[in-house]
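Enquirer: The structure is given below, and queries will be raised subsequently.
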Amino acid sequence: MQKEKLYGKTLNELIAITKRTGMPGFAARQIADWLYRKEIRSVEDMTNLSKRMREALSEYYELGLTDPLKTSVSSDGTRKYLFPVQNGKFIETALIPDRDRSTICVSSQAGCKMGCVFCMTGKQGFQGNLSSNEILNQFRSIPEYRQITNMVYMGMGEPLDNLDEVLKSLEILTGDWGYGWSPTRITVSTVGILDRLQEFLEKCRCHLAVSLHSPFDEERRKLMPIQKTNTVDEVLNIIRNFDFNRQRRVSFEYILFRGINDTPRHVRELARILNGIRCRINIIRFHPLPGSEFSSPGEMETLAFRDALNAKGIIATIRASRGIDINAACGLLSTLEQNKS
Ligand code: SF4
């Protein structure tokens with residue numbers, strides 16, 4: 001019989017497990033403490049549980065940590081990990097050190113069903129939702145996990161398309177019985193799934209990043225099929241009507257494609273649609289993928305695009321490119337691995 005994994009369970013789930021296995025209710029917090037505050041490798045290591053309790057637990061449950069299969073290290077210090085997940089699939093995780101910060105970029109799905117045309121993960125198609133165990137294991141099972149200061153859900157998959165498991169993982173990261181992180185250390189990125197966005201905003205206090213890439217309906221449809229059913233106008237309506245506290249940040253991700261979304265017309269329209277929203281735009285340089293029809297504008301044009309947005313009163317920054325020498329574009333590494341098998 002396959003044992004269930006304890007790592008990735010919320011406190012309420014652990015309480016249910018203690019009941020099911022005939023353990024006292026207070027043991028749930030003890031188990032959470034072992035899972036999320038200490039470094040153990042098996043249920044046997046939970047030494048403040050009686051031997052009888054550990055045996056009862058071990059009969060049906062295991063710790064459930066999985067080491068990465070591969071690690072690539074970039075000359076700029078960025079690391080990329082390949083993890084195996086259910087059904088023989090692979091997911092990718094990136095660790096990006098930057099002065100006193102160390103940000104981990106986690107995947108929320110194997111593959112993705114959103115089909116953004118510029119994305120390697122999108123080309124893989126959807127292969128499955130990750131459990132909260134598989135989401136958090138990317139953080140817990142890398143050697144540098146104690147140094148991680150921030151987490152972004154910007155790896156493979158669309159987090160709001162797997163919202164229940166993503167919310168569970170956020171609850172564990174931010175709960176006082178879990179890792180106890182401030183939600184302001186976490187950013188969840190989405191293409192804008194309307195019927196889950198409101199729920200996400202209400203159920204957690206983490207930062208929100210929306211993948212925008214074009215302010216024009218027709219042009220965004222060509223880049224991101226989601227625009228056909230979940231428009232940016234509707235996403236912005238939800239954001240405008242939600243009461244964000246001062247600490248909670250909204251940002252818009254904008255990959256700059258030469259000749260496609262990098263003109264003064266785009267600057268004007270971005271300024272118009274984002275008017276009145278307290279936000280920033282993160283401009284991302286596009287790094288060509290094998291066989292891609294897209295390219296990136298030059299450095300001068302990229303800086304000019306940023307400056308033009310700033311001149312319109314929109315805070316815009318250019319994200320530093322990291323890990324280019326290790327296939328850091330999301331989806332590349334796992335595609336290579338899948339093609340081998
Ligand atoms: S960009 Fe994100 S949402 Fe779009 S296909 Fe890639 S992983 Fe999915």
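In the structure tokens, the first chain shown is A, the next is B, and so on; residue numbers restart at 1 for each chain, and ligands run from 1 in the order shown.
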Go through the chains and note each residue within 12 Å of ligand 1, using only C-alpha atoms and all ligand atoms, then give the set as a PyMOL selection string.
Expert: chain A and resi 91-92+106-127+153-162+188-193+209-213+220-221+223-227+253-255+286+329-332
Enquirer: Write out as an mmCIF file with N, CA and C atoms, in the first residue's frame the set of residues from region 29-194 of chain A that DSSP, computed on the backbone, places in strand (DSSP E or B).
Expert:
```cif
data_model
loop_
_atom_site.group_PDB
_atom_site.id
_atom_site.type_symbol
_atom_site.label_atom_id
_atom_site.label_comp_id
_atom_site.auth_asym_id
_atom_site.auth_seq_id
_atom_site.Cartn_x
_atom_site.Cartn_y
_atom_site.Cartn_z
ATOM 1 N N TYR A 61 1.415 6.653 6.939
ATOM 2 C CA TYR A 61 2.004 7.915 6.461
ATOM 3 C C TYR A 61 3.528 7.849 6.449
ATOM 4 N N GLU A 62 4.086 8.653 5.515
ATOM 5 C CA GLU A 62 5.540 8.834 5.490
ATOM 6 C C GLU A 62 5.809 10.330 5.434
ATOM 7 N N LYS A 70 18.202 16.635 -10.638
ATOM 8 C CA LYS A 70 19.346 17.293 -11.285
ATOM 9 C C LYS A 70 19.459 18.718 -10.784
ATOM 10 N N THR A 71 20.667 19.230 -10.776
ATOM 11 C CA THR A 71 20.888 20.643 -10.424
ATOM 12 C C THR A 71 21.792 21.256 -11.480
ATOM 13 N N SER A 72 21.424 22.442 -11.972
ATOM 14 C CA SER A 72 22.319 23.176 -12.874
ATOM 15 C C SER A 72 22.662 24.487 -12.193
ATOM 16 N N VAL A 73 23.917 24.883 -12.311
ATOM 17 C CA VAL A 73 24.351 26.123 -11.660
ATOM 18 C C VAL A 73 24.841 27.090 -12.731
ATOM 19 N N ARG A 79 20.486 28.883 -9.643
ATOM 20 C CA ARG A 79 20.470 27.417 -9.684
ATOM 21 C C ARG A 79 19.126 26.957 -10.211
ATOM 22 N N LYS A 80 19.149 25.871 -10.921
ATOM 23 C CA LYS A 80 17.908 25.324 -11.424
ATOM 24 C C LYS A 80 17.839 23.853 -11.033
ATOM 25 N N TYR A 81 16.700 23.435 -10.537
ATOM 26 C CA TYR A 81 16.509 22.059 -10.066
ATOM 27 C C TYR A 81 15.429 21.386 -10.893
ATOM 28 N N LEU A 82 15.639 20.115 -11.138
ATOM 29 C CA LEU A 82 14.638 19.309 -11.826
ATOM 30 C C LEU A 82 14.116 18.286 -10.814
ATOM 31 N N PHE A 83 12.813 18.288 -10.580
ATOM 32 C CA PHE A 83 12.219 17.332 -9.641
ATOM 33 C C PHE A 83 11.316 16.351 -10.382
ATOM 34 N N PRO A 84 11.349 15.092 -9.980
ATOM 35 C CA PRO A 84 10.361 14.154 -10.541
ATOM 36 C C PRO A 84 9.046 14.329 -9.782
ATOM 37 N N VAL A 85 7.927 14.250 -10.479
ATOM 38 C CA VAL A 85 6.624 14.258 -9.806
ATOM 39 C C VAL A 85 5.811 13.065 -10.293
ATOM 40 N N LYS A 89 6.463 12.518 -14.613
ATOM 41 C CA LYS A 89 6.658 13.862 -15.176
ATOM 42 C C LYS A 89 7.750 14.599 -14.404
ATOM 43 N N PHE A 90 8.155 15.757 -14.958
ATOM 44 C CA PHE A 90 9.215 16.542 -14.327
ATOM 45 C C PHE A 90 8.777 17.990 -14.174
ATOM 46 N N ILE A 91 9.257 18.596 -13.118
ATOM 47 C CA ILE A 91 8.998 20.031 -12.930
ATOM 48 C C ILE A 91 10.308 20.744 -12.625
ATOM 49 N N GLU A 92 10.270 22.057 -12.789
ATOM 50 C CA GLU A 92 11.475 22.858 -12.604
ATOM 51 C C GLU A 92 11.302 23.885 -11.501
ATOM 52 N N THR A 93 12.412 24.160 -10.835
ATOM 53 C CA THR A 93 12.442 25.132 -9.752
ATOM 54 C C THR A 93 13.706 25.950 -9.927
ATOM 55 N N ALA A 94 13.625 27.257 -9.716
ATOM 56 C CA ALA A 94 14.838 28.078 -9.830
ATOM 57 C C ALA A 94 15.110 28.781 -8.512
ATOM 58 N N LEU A 95 16.365 28.900 -8.179
ATOM 59 C CA LEU A 95 16.777 29.648 -6.988
ATOM 60 C C LEU A 95 17.641 30.805 -7.470
ATOM 61 N N ILE A 96 17.206 32.017 -7.112
ATOM 62 C CA ILE A 96 17.881 33.205 -7.634
ATOM 63 C C ILE A 96 18.447 34.034 -6.474
ATOM 64 N N PRO A 97 19.741 33.866 -6.193
ATOM 65 C CA PRO A 97 20.350 34.687 -5.136
ATOM 66 C C PRO A 97 20.614 36.099 -5.648
ATOM 67 N N ASP A 98 20.370 37.074 -4.812
ATOM 68 C CA ASP A 98 20.591 38.460 -5.215
ATOM 69 C C ASP A 98 20.913 39.285 -3.969
ATOM 70 N N ARG A 101 19.026 38.781 -0.640
ATOM 71 C CA ARG A 101 17.805 38.007 -0.892
ATOM 72 C C ARG A 101 18.150 36.720 -1.622
ATOM 73 N N SER A 102 17.288 35.716 -1.408
ATOM 74 C CA SER A 102 17.420 34.488 -2.170
ATOM 75 C C SER A 102 15.996 34.043 -2.492
ATOM 76 N N THR A 103 15.631 34.168 -3.751
ATOM 77 C CA THR A 103 14.236 33.938 -4.140
ATOM 78 C C THR A 103 14.098 32.591 -4.829
ATOM 79 N N ILE A 104 13.112 31.832 -4.391
ATOM 80 C CA ILE A 104 12.853 30.560 -5.065
ATOM 81 C C ILE A 104 11.617 30.725 -5.942
ATOM 82 N N CYS A 105 11.725 30.212 -7.171
ATOM 83 C CA CYS A 105 10.609 30.283 -8.124
ATOM 84 C C CYS A 105 10.064 28.861 -8.267
ATOM 85 N N GLN A 109 2.151 23.426 -11.399
ATOM 86 C CA GLN A 109 1.589 22.343 -12.217
ATOM 87 C C GLN A 109 2.725 21.706 -13.021
ATOM 88 N N ALA A 110 2.511 20.469 -13.453
ATOM 89 C CA ALA A 110 3.419 19.871 -14.441
ATOM 90 C C ALA A 110 2.825 20.238 -15.794
ATOM 91 N N GLY A 111 3.605 20.944 -16.621
ATOM 92 C CA GLY A 111 3.050 21.474 -17.863
ATOM 93 C C GLY A 111 2.066 22.585 -17.550
ATOM 94 N N PHE A 126 -0.833 20.348 -20.677
ATOM 95 C CA PHE A 126 -1.085 20.108 -19.261
ATOM 96 C C PHE A 126 -0.796 18.653 -18.913
ATOM 97 N N GLN A 127 -0.041 18.450 -17.810
ATOM 98 C CA GLN A 127 0.284 17.071 -17.415
ATOM 99 C C GLN A 127 -0.162 16.742 -16.006
ATOM 100 N N GLY A 128 -0.664 17.729 -15.291
ATOM 101 C CA GLY A 128 -1.186 17.421 -13.953
ATOM 102 C C GLY A 128 -0.968 18.546 -12.956
ATOM 103 N N ASN A 129 -1.867 18.608 -11.971
ATOM 104 C CA ASN A 129 -1.711 19.567 -10.877
ATOM 105 C C ASN A 129 -0.703 19.029 -9.873
ATOM 106 N N ASN A 150 12.482 34.630 -0.077
ATOM 107 C CA ASN A 150 11.255 34.972 -0.804
ATOM 108 C C ASN A 150 10.841 33.829 -1.723
ATOM 109 N N MET A 151 9.557 33.767 -1.987
ATOM 110 C CA MET A 151 9.079 32.725 -2.900
ATOM 111 C C MET A 151 8.153 33.348 -3.944
ATOM 112 N N VAL A 152 8.335 32.971 -5.196
ATOM 113 C CA VAL A 152 7.419 33.410 -6.248
ATOM 114 C C VAL A 152 6.836 32.171 -6.931
ATOM 115 N N TYR A 153 5.527 32.210 -7.157
ATOM 116 C CA TYR A 153 4.852 31.124 -7.885
ATOM 117 C C TYR A 153 4.835 31.544 -9.348
ATOM 118 N N ILE A 186 5.923 36.587 -0.380
ATOM 119 C CA ILE A 186 5.460 35.620 -1.397
ATOM 120 C C ILE A 186 4.674 36.346 -2.491
ATOM 121 N N THR A 187 4.953 35.994 -3.740
ATOM 122 C CA THR A 187 4.197 36.562 -4.872
ATOM 123 C C THR A 187 3.638 35.420 -5.715
ATOM 124 N N VAL A 188 2.354 35.528 -6.015
ATOM 125 C CA VAL A 188 1.711 34.521 -6.872
ATOM 126 C C VAL A 188 1.384 35.187 -8.205
ATOM 127 N N SER A 189 1.806 34.537 -9.271
ATOM 128 C CA SER A 189 1.619 35.107 -10.606
ATOM 129 C C SER A 189 0.486 34.379 -11.328
ATOM 130 N N THR A 190 -0.288 35.138 -12.088
ATOM 131 C CA THR A 190 -1.403 34.523 -12.820
ATOM 132 C C THR A 190 -1.618 35.216 -14.163
#
```
Enquirer: Nearest to Ile31 (chain A): which of A:Cys204, A:Val235, A:Ile318, A:Leu11 is it, counting only C-alpha atoms?
Expert: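 With only C-alpha atoms as the atom set, the closest residue is A:Leu11.
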Enquirer: Any idea what's packed within 12 Å of region 260-273 of chain A, counting only C-alpha atoms, ignoring anything in its chain fewer than 4 positions away? Could you give it as an MDAnalysis selection string?
Expert: chainID A and resid 212:220 222:223 232:237 239:240 252:256 277:281 283:286 293:298 300:316
Enquirer: Excluding region 39-52 of chain A and its own-chain neighbours fewer than 5 positions away, which residues fall within 10 Å of it when counting only C-alpha atoms? Please give them as a list in words.
Expert: Leu6, Met23, Ala27, Gln30, Ile31, Asp33, Trp34, Leu57, Ser58, Tyr61, Glu62, Leu63, Gly64, Leu65 and Arg140 of chain A
Enquirer: Mind dumping the selected residues with N, CA and C atoms as a JSON list (two decimals), in the first residue's frame?
Expert:
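As a result, result.json now contains:
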```
[["chain", "number", "residue", "atom", "x", "y", "z"],
["A", 6, "LEU", "N", 3.06, 13.16, 4.67],
["A", 6, "LEU", "CA", 2.69, 14.13, 5.72],
["A", 6, "LEU", "C", 3.11, 15.54, 5.36],
["A", 23, "MET", "N", -4.60, 9.28, 17.89],
["A", 23, "MET", "CA", -3.63, 10.07, 18.65],
["A", 23, "MET", "C", -4.34, 11.26, 19.29],
["A", 27, "ALA", "N", -1.19, 16.41, 19.37],
["A", 27, "ALA", "CA", -0.06, 15.86, 18.61],
["A", 27, "ALA", "C", 0.04, 16.49, 17.22],
["A", 30, "GLN", "N", 2.48, 19.19, 17.28],
["A", 30, "GLN", "CA", 3.83, 18.64, 17.42],
["A", 30, "GLN", "C", 4.33, 18.13, 16.06],
["A", 31, "ILE", "N", 3.43, 17.47, 15.35],
["A", 31, "ILE", "CA", 3.82, 16.95, 14.02],
["A", 31, "ILE", "C", 4.16, 18.13, 13.09],
["A", 33, "ASP", "N", 5.25, 20.98, 13.87],
["A", 33, "ASP", "CA", 6.53, 21.52, 14.30],
["A", 33, "ASP", "C", 7.70, 20.71, 13.70],
["A", 34, "TRP", "N", 7.55, 19.40, 13.71],
["A", 34, "TRP", "CA", 8.60, 18.56, 13.12],
["A", 34, "TRP", "C", 8.68, 18.75, 11.61],
["A", 57, "LEU", "N", 1.34, 6.23, 13.23],
["A", 57, "LEU", "CA", 1.48, 7.18, 12.11],
["A", 57, "LEU", "C", 2.19, 6.52, 10.92],
["A", 58, "SER", "N", 3.26, 5.80, 11.23],
["A", 58, "SER", "CA", 4.07, 5.20, 10.16],
["A", 58, "SER", "C", 3.33, 4.12, 9.38],
["A", 61, "TYR", "N", 1.41, 6.65, 6.94],
["A", 61, "TYR", "CA", 2.00, 7.91, 6.46],
["A", 61, "TYR", "C", 3.53, 7.85, 6.45],
["A", 62, "GLU", "N", 4.09, 8.65, 5.52],
["A", 62, "GLU", "CA", 5.54, 8.83, 5.49],
["A", 62, "GLU", "C", 5.81, 10.33, 5.43],
["A", 63, "LEU", "N", 7.07, 10.71, 5.63],
["A", 63, "LEU", "CA", 7.39, 12.14, 5.62],
["A", 63, "LEU", "C", 7.11, 12.74, 4.24],
["A", 64, "GLY", "N", 7.63, 12.11, 3.20],
["A", 64, "GLY", "CA", 7.27, 12.53, 1.84],
["A", 64, "GLY", "C", 8.14, 13.61, 1.25],
["A", 65, "LEU", "N", 9.44, 13.59, 1.52],
["A", 65, "LEU", "CA", 10.35, 14.55, 0.86],
["A", 65, "LEU", "C", 11.03, 13.86, -0.32],
["A", 140, "ARG", "N", 11.67, 22.89, 0.26],
["A", 140, "ARG", "CA", 12.25, 22.19, 1.40],
["A", 140, "ARG", "C", 13.41, 21.28, 1.02]]
```
Enquirer: Rank A:Glu171, A:Asp100, A:Asp67, A:Glu13 by their smallest atom-to-atom distance to Lys203 (chain A), using only C-alpha atoms, and report the top residue only.
Expert: A:Glu171
Enquirer: Among the residues of region 65-311 of chain A, find those DSSP assigns to alpha helix (DSSP H) from the backbone and print them as an NGL selection string.
Expert: :A and (120-124 or 132-140 or 163-174 or 194-203 or 217-223 or 232-241 or 264-273 or 299-311)
Enquirer: Contacts of Arg249 (chain A) at 8 Å or less, counting only C-alpha atoms, minus same-chain residues fewer than 2 places along, as a PDB file with C-alpha atoms, in the first residue's frame?
Expert:
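And here's around-v4.pdb as it stands now:
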```pdb
ATOM      1  CA  HIS A 207       1.376  39.769  -3.454  1.00  0.00           C
ATOM      2  CA  LEU A 208      -0.273  39.402  -6.861  1.00  0.00           C
ATOM      3  CA  PHE A 244      -5.642  46.070  -1.060  1.00  0.00           C
ATOM      4  CA  ARG A 246      -0.705  49.142   1.787  1.00  0.00           C
ATOM      5  CA  GLN A 247       1.634  46.184   2.235  1.00  0.00           C
ATOM      6  CA  SER A 251       2.464  44.067 -10.319  1.00  0.00           C
ATOM      7  CA  CYS A 279       0.965  48.995  -9.188  1.00  0.00           C
TER       8      CYS A 279
END
```
Enquirer: Mind running region 161-205 of chain A against region 132-138 of chain A at 8 Å and telling me each contacting residue's nearest atom pair with the distance in Å (one decimal), counting only C-alpha atoms, chain and number ascending, as CSV?
Expert:
```
residue,atom,partner,partner_atom,distance
A:Glu165,CA,A:Ser132,CA,5.0
A:Val166,CA,A:Ser132,CA,6.3
A:Lys168,CA,A:Ser132,CA,6.1
A:Ser169,CA,A:Ser132,CA,5.0
```
